[in-house]
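input.txt (compact mmCIF, C-alpha atoms) appears below.
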```txt
# COMPACT_ATOMS: atom_id res chain seq x y z
CA MET A 9 30.20 -92.02 24.93
CA THR A 10 30.39 -94.02 21.72
CA ARG A 11 33.89 -95.04 20.73
CA ARG A 12 34.02 -94.56 16.96
CA ALA A 13 36.78 -95.14 14.41
CA LEU A 14 37.09 -93.84 10.87
CA PHE A 15 38.38 -96.10 8.09
CA ILE A 16 38.98 -93.96 5.03
CA GLY A 17 40.06 -95.08 1.59
CA ARG A 18 39.17 -95.19 -2.08
CA PHE A 19 38.35 -98.93 -2.00
CA GLN A 20 39.05 -99.39 -5.73
CA PRO A 21 37.96 -102.21 -5.26
CA PHE A 22 37.01 -103.24 -1.71
CA HIS A 23 39.23 -106.29 -1.11
CA LEU A 24 39.95 -108.87 1.60
CA GLY A 25 42.53 -106.60 3.22
CA HIS A 26 39.91 -103.88 3.62
CA LEU A 27 37.49 -106.41 5.06
CA SER A 28 40.04 -107.58 7.64
CA VAL A 29 40.56 -103.97 8.77
CA VAL A 30 36.80 -103.46 9.22
CA GLN A 31 36.57 -106.71 11.21
CA SER A 32 39.43 -105.60 13.45
CA ILE A 33 37.91 -102.17 14.05
CA ILE A 34 34.53 -103.70 14.92
CA ASN A 35 36.26 -105.74 17.64
CA ASP A 36 37.95 -102.66 19.14
CA TYR A 37 35.34 -99.89 18.77
CA ASP A 38 31.60 -99.41 19.25
CA GLU A 39 31.17 -98.13 15.69
CA VAL A 40 33.12 -97.69 12.48
CA ILE A 41 32.67 -95.12 9.76
CA ILE A 42 33.81 -96.36 6.37
CA ALA A 43 34.47 -93.23 4.31
CA ILE A 44 34.58 -93.84 0.57
CA GLY A 45 37.05 -91.25 -0.67
CA SER A 46 37.12 -89.59 -4.08
CA ALA A 47 33.37 -90.09 -4.30
CA GLU A 48 32.94 -87.48 -7.04
CA ILE A 49 35.28 -89.16 -9.52
CA LEU A 50 33.74 -90.90 -12.47
CA ARG A 51 35.19 -93.99 -14.09
CA GLU A 52 38.91 -93.68 -14.93
CA ASP A 53 41.92 -96.02 -14.87
CA ARG A 54 42.96 -95.27 -11.28
CA ASN A 55 39.34 -95.09 -10.08
CA PRO A 56 37.34 -97.54 -12.19
CA PHE A 57 34.41 -97.84 -9.78
CA ILE A 58 32.07 -94.98 -8.97
CA ALA A 59 31.06 -94.30 -5.35
CA LYS A 60 27.72 -96.12 -5.67
CA GLU A 61 29.47 -99.31 -6.85
CA ARG A 62 32.02 -99.15 -4.04
CA PHE A 63 29.19 -98.57 -1.55
CA GLU A 64 27.46 -101.70 -2.91
CA MET A 65 30.69 -103.73 -2.70
CA ILE A 66 31.15 -102.78 0.94
CA LEU A 67 27.52 -103.24 1.97
CA ASN A 68 27.18 -106.58 0.18
CA THR A 69 30.37 -107.81 1.82
CA LEU A 70 29.35 -106.67 5.31
CA LYS A 71 26.01 -108.47 4.92
CA GLN A 72 27.63 -111.67 3.63
CA GLU A 73 30.09 -111.63 6.52
CA ASN A 74 27.24 -111.11 9.02
CA LEU A 75 28.90 -108.02 10.44
CA PRO A 76 26.74 -105.82 12.68
CA LEU A 77 25.39 -103.24 10.23
CA GLU A 78 24.00 -101.15 13.09
CA LYS A 79 27.63 -100.45 14.11
CA ILE A 80 28.81 -99.43 10.64
CA HIS A 81 28.27 -96.20 8.70
CA ILE A 82 29.28 -96.09 5.03
CA VAL A 83 29.69 -92.52 3.82
CA PRO A 84 30.92 -91.21 0.46
CA ILE A 85 33.36 -88.30 0.81
CA GLN A 86 34.30 -86.03 -2.07
CA ASP A 87 37.77 -84.63 -2.58
CA ILE A 88 37.93 -80.87 -2.20
CA ASN A 89 41.46 -80.55 -3.63
CA ASP A 90 42.62 -78.41 -0.73
CA ASP A 91 45.02 -80.27 1.55
CA GLN A 92 44.88 -77.50 4.18
CA LYS A 93 41.11 -77.80 4.65
CA TRP A 94 40.57 -81.48 3.87
CA VAL A 95 40.61 -82.84 7.43
CA SER A 96 38.19 -80.22 8.73
CA TYR A 97 35.97 -80.92 5.71
CA VAL A 98 35.97 -84.66 6.47
CA GLN A 99 35.18 -83.96 10.13
CA SER A 100 32.28 -81.72 9.15
CA MET A 101 30.76 -84.46 6.99
CA LEU A 102 30.91 -87.29 9.54
CA PRO A 103 29.89 -88.17 13.08
CA ALA A 104 32.69 -87.57 15.61
CA PHE A 105 35.48 -90.16 15.62
CA GLU A 106 38.52 -90.67 17.83
CA VAL A 107 40.91 -92.50 15.55
CA VAL A 108 41.59 -92.87 11.84
CA TYR A 109 42.65 -96.05 10.07
CA THR A 110 44.26 -95.64 6.66
CA GLY A 111 46.76 -97.23 4.34
CA SER A 112 47.53 -93.90 2.67
CA GLU A 113 50.63 -91.99 3.74
CA ASP A 114 49.08 -88.72 2.55
CA THR A 115 45.90 -89.28 4.56
CA LYS A 116 47.96 -90.23 7.59
CA ARG A 117 50.06 -87.07 7.29
CA PHE A 118 46.99 -84.82 6.97
CA PHE A 119 45.28 -86.21 10.09
CA VAL A 120 48.46 -86.35 12.20
CA LYS A 121 49.10 -82.70 11.35
CA GLU A 122 45.69 -81.94 12.93
CA ASN A 123 46.62 -83.95 16.08
CA ILE A 124 44.23 -86.78 15.29
CA THR A 125 45.34 -90.30 16.18
CA VAL A 126 46.06 -92.44 13.13
CA LYS A 127 46.58 -96.18 13.10
CA ASP A 128 48.21 -97.92 10.19
CA VAL A 129 46.14 -100.71 8.74
CA GLU A 130 47.50 -104.17 9.37
CA LYS A 131 48.21 -105.74 6.01
CA LYS A 132 47.20 -109.38 6.32
CA TYR A 133 47.26 -109.92 2.56
CA ASP A 134 50.18 -109.31 0.25
CA ILE A 135 48.08 -107.36 -2.25
CA CYS A 136 46.77 -103.87 -2.82
CA ALA A 137 43.96 -102.45 -4.94
CA THR A 138 46.45 -101.17 -7.55
CA GLN A 139 47.73 -104.72 -8.06
CA ILE A 140 44.18 -106.08 -8.20
CA ARG A 141 43.25 -103.57 -10.91
CA ALA A 142 46.36 -104.62 -12.87
CA LEU A 143 45.30 -108.26 -12.59
CA MET A 144 41.83 -107.33 -13.82
CA LYS A 145 43.33 -105.51 -16.79
CA ASN A 146 45.72 -108.33 -17.67
CA GLY A 147 43.33 -111.22 -17.14
CA GLY A 148 45.03 -112.42 -13.95
CA ASP A 149 43.51 -114.20 -10.97
CA TRP A 150 42.08 -111.14 -9.21
CA GLU A 151 38.95 -112.75 -7.77
CA LYS A 152 40.82 -114.57 -5.00
CA TYR A 153 41.69 -111.22 -3.37
CA LEU A 154 38.10 -109.98 -3.16
CA PRO A 155 35.13 -110.97 -1.01
CA THR A 156 32.20 -112.32 -3.01
CA GLY A 157 30.24 -109.08 -2.58
CA SER A 158 32.96 -107.21 -4.45
CA VAL A 159 33.58 -109.88 -7.09
CA ARG A 160 30.01 -109.77 -8.36
CA ILE A 161 30.12 -106.03 -8.91
CA CYS A 162 33.62 -106.03 -10.42
CA GLN A 163 32.66 -108.72 -12.93
CA LYS A 164 30.11 -106.32 -14.44
CA PHE A 165 32.90 -103.88 -15.35
CA LEU A 166 35.64 -106.11 -16.71
CA ASP A 167 35.20 -104.61 -20.18
CA PHE A 168 36.38 -101.28 -18.75
CA PHE A 169 39.81 -102.82 -18.10
CA LYS A 170 40.31 -103.97 -21.70
```

Exercise: express the given structure as structure tokens:
Amino acid sequence: MTRRALFIGRFQPFHLGHLSVVQSIINDYDEVIIAIGSAEILREDRNPFIAKERFEMILNTLKQENLPLEKIHIVPIQDINDDQKWVSYVQSMLPAFEVVYTGSEDTKRFFVKENITVKDVEKKYDICATQIRALMKNGGDWEKYLPTGSVRICQKFLDFFK
């Protein structure tokens, strides 16, 4: 049986911390599903990148890092705005998985409530996507926190942050 892990997040943007989690999962599991959450949301302050752009960030980064693409599934997941049904909705949209990796306390709580094993992501970098977006808005040095595959896409949208 294939040992598969789910890594779910908004990835706004996909940064080096996210990449380190994917690399870790690849070492421990046969496959990883990267679920791009809030896929239906269009450009807004908290979610400046649409699902297609986040998908491109992740795929470009995986290719540049020579990660085994045959072991990785990237799947956009829409919010259904129903906390009671969200986990079963996610499960219905994805191949079976045995563990969930997340940095979100809400996501962790939802899956734990359904008796699904959740592992906290190891934070190797002292940065989060919220801080990166603030740096982008304020003209800070945000690029150092992103893999090249994400930087190229984010550069196209810097005007959004002004």

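Nearest residue to Gly111 (chain A), choosing from A:Ala43, A:Ile124, A:Ala59, A:Cys136 and counting only C-alpha atoms: A:Cys136.
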
Counting all atoms listed in the file, the residue of A:Val98, A:Tyr153, A:Val126, A:Glu106 that sits nearest Gln139 (chain A):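 Selected residue with least distance to Gln139 (chain A): A:Tyr153.
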
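For Asp36 (chain A), the set of protein, DNA and RNA residues having any atom at most 12 Å away, when counting all atoms listed in the file and skipping those fewer than 2 positions along the same chain, is A:Thr10, A:Arg11, A:Arg12, A:Ala13, A:Val29, A:Val30, A:Gln31, A:Ser32, A:Ile33, A:Ile34, A:Asp38, A:Glu39, A:Val40, A:Lys79, A:Val107.
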
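Proximity to Ala47 (chain A) was assessed for A:Ile80, A:Ile88, A:Leu24, A:Leu75 counting only C-alpha atoms; the smallest distance is recorded for A:Ile88.
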
Which one is closest to Leu50 (chain A): A:Gln86, A:Val129, A:Ile140, A:Asn68? Count all atoms listed in the file.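 Closest to Leu50 (chain A), using all atoms listed in the file: A:Gln86.
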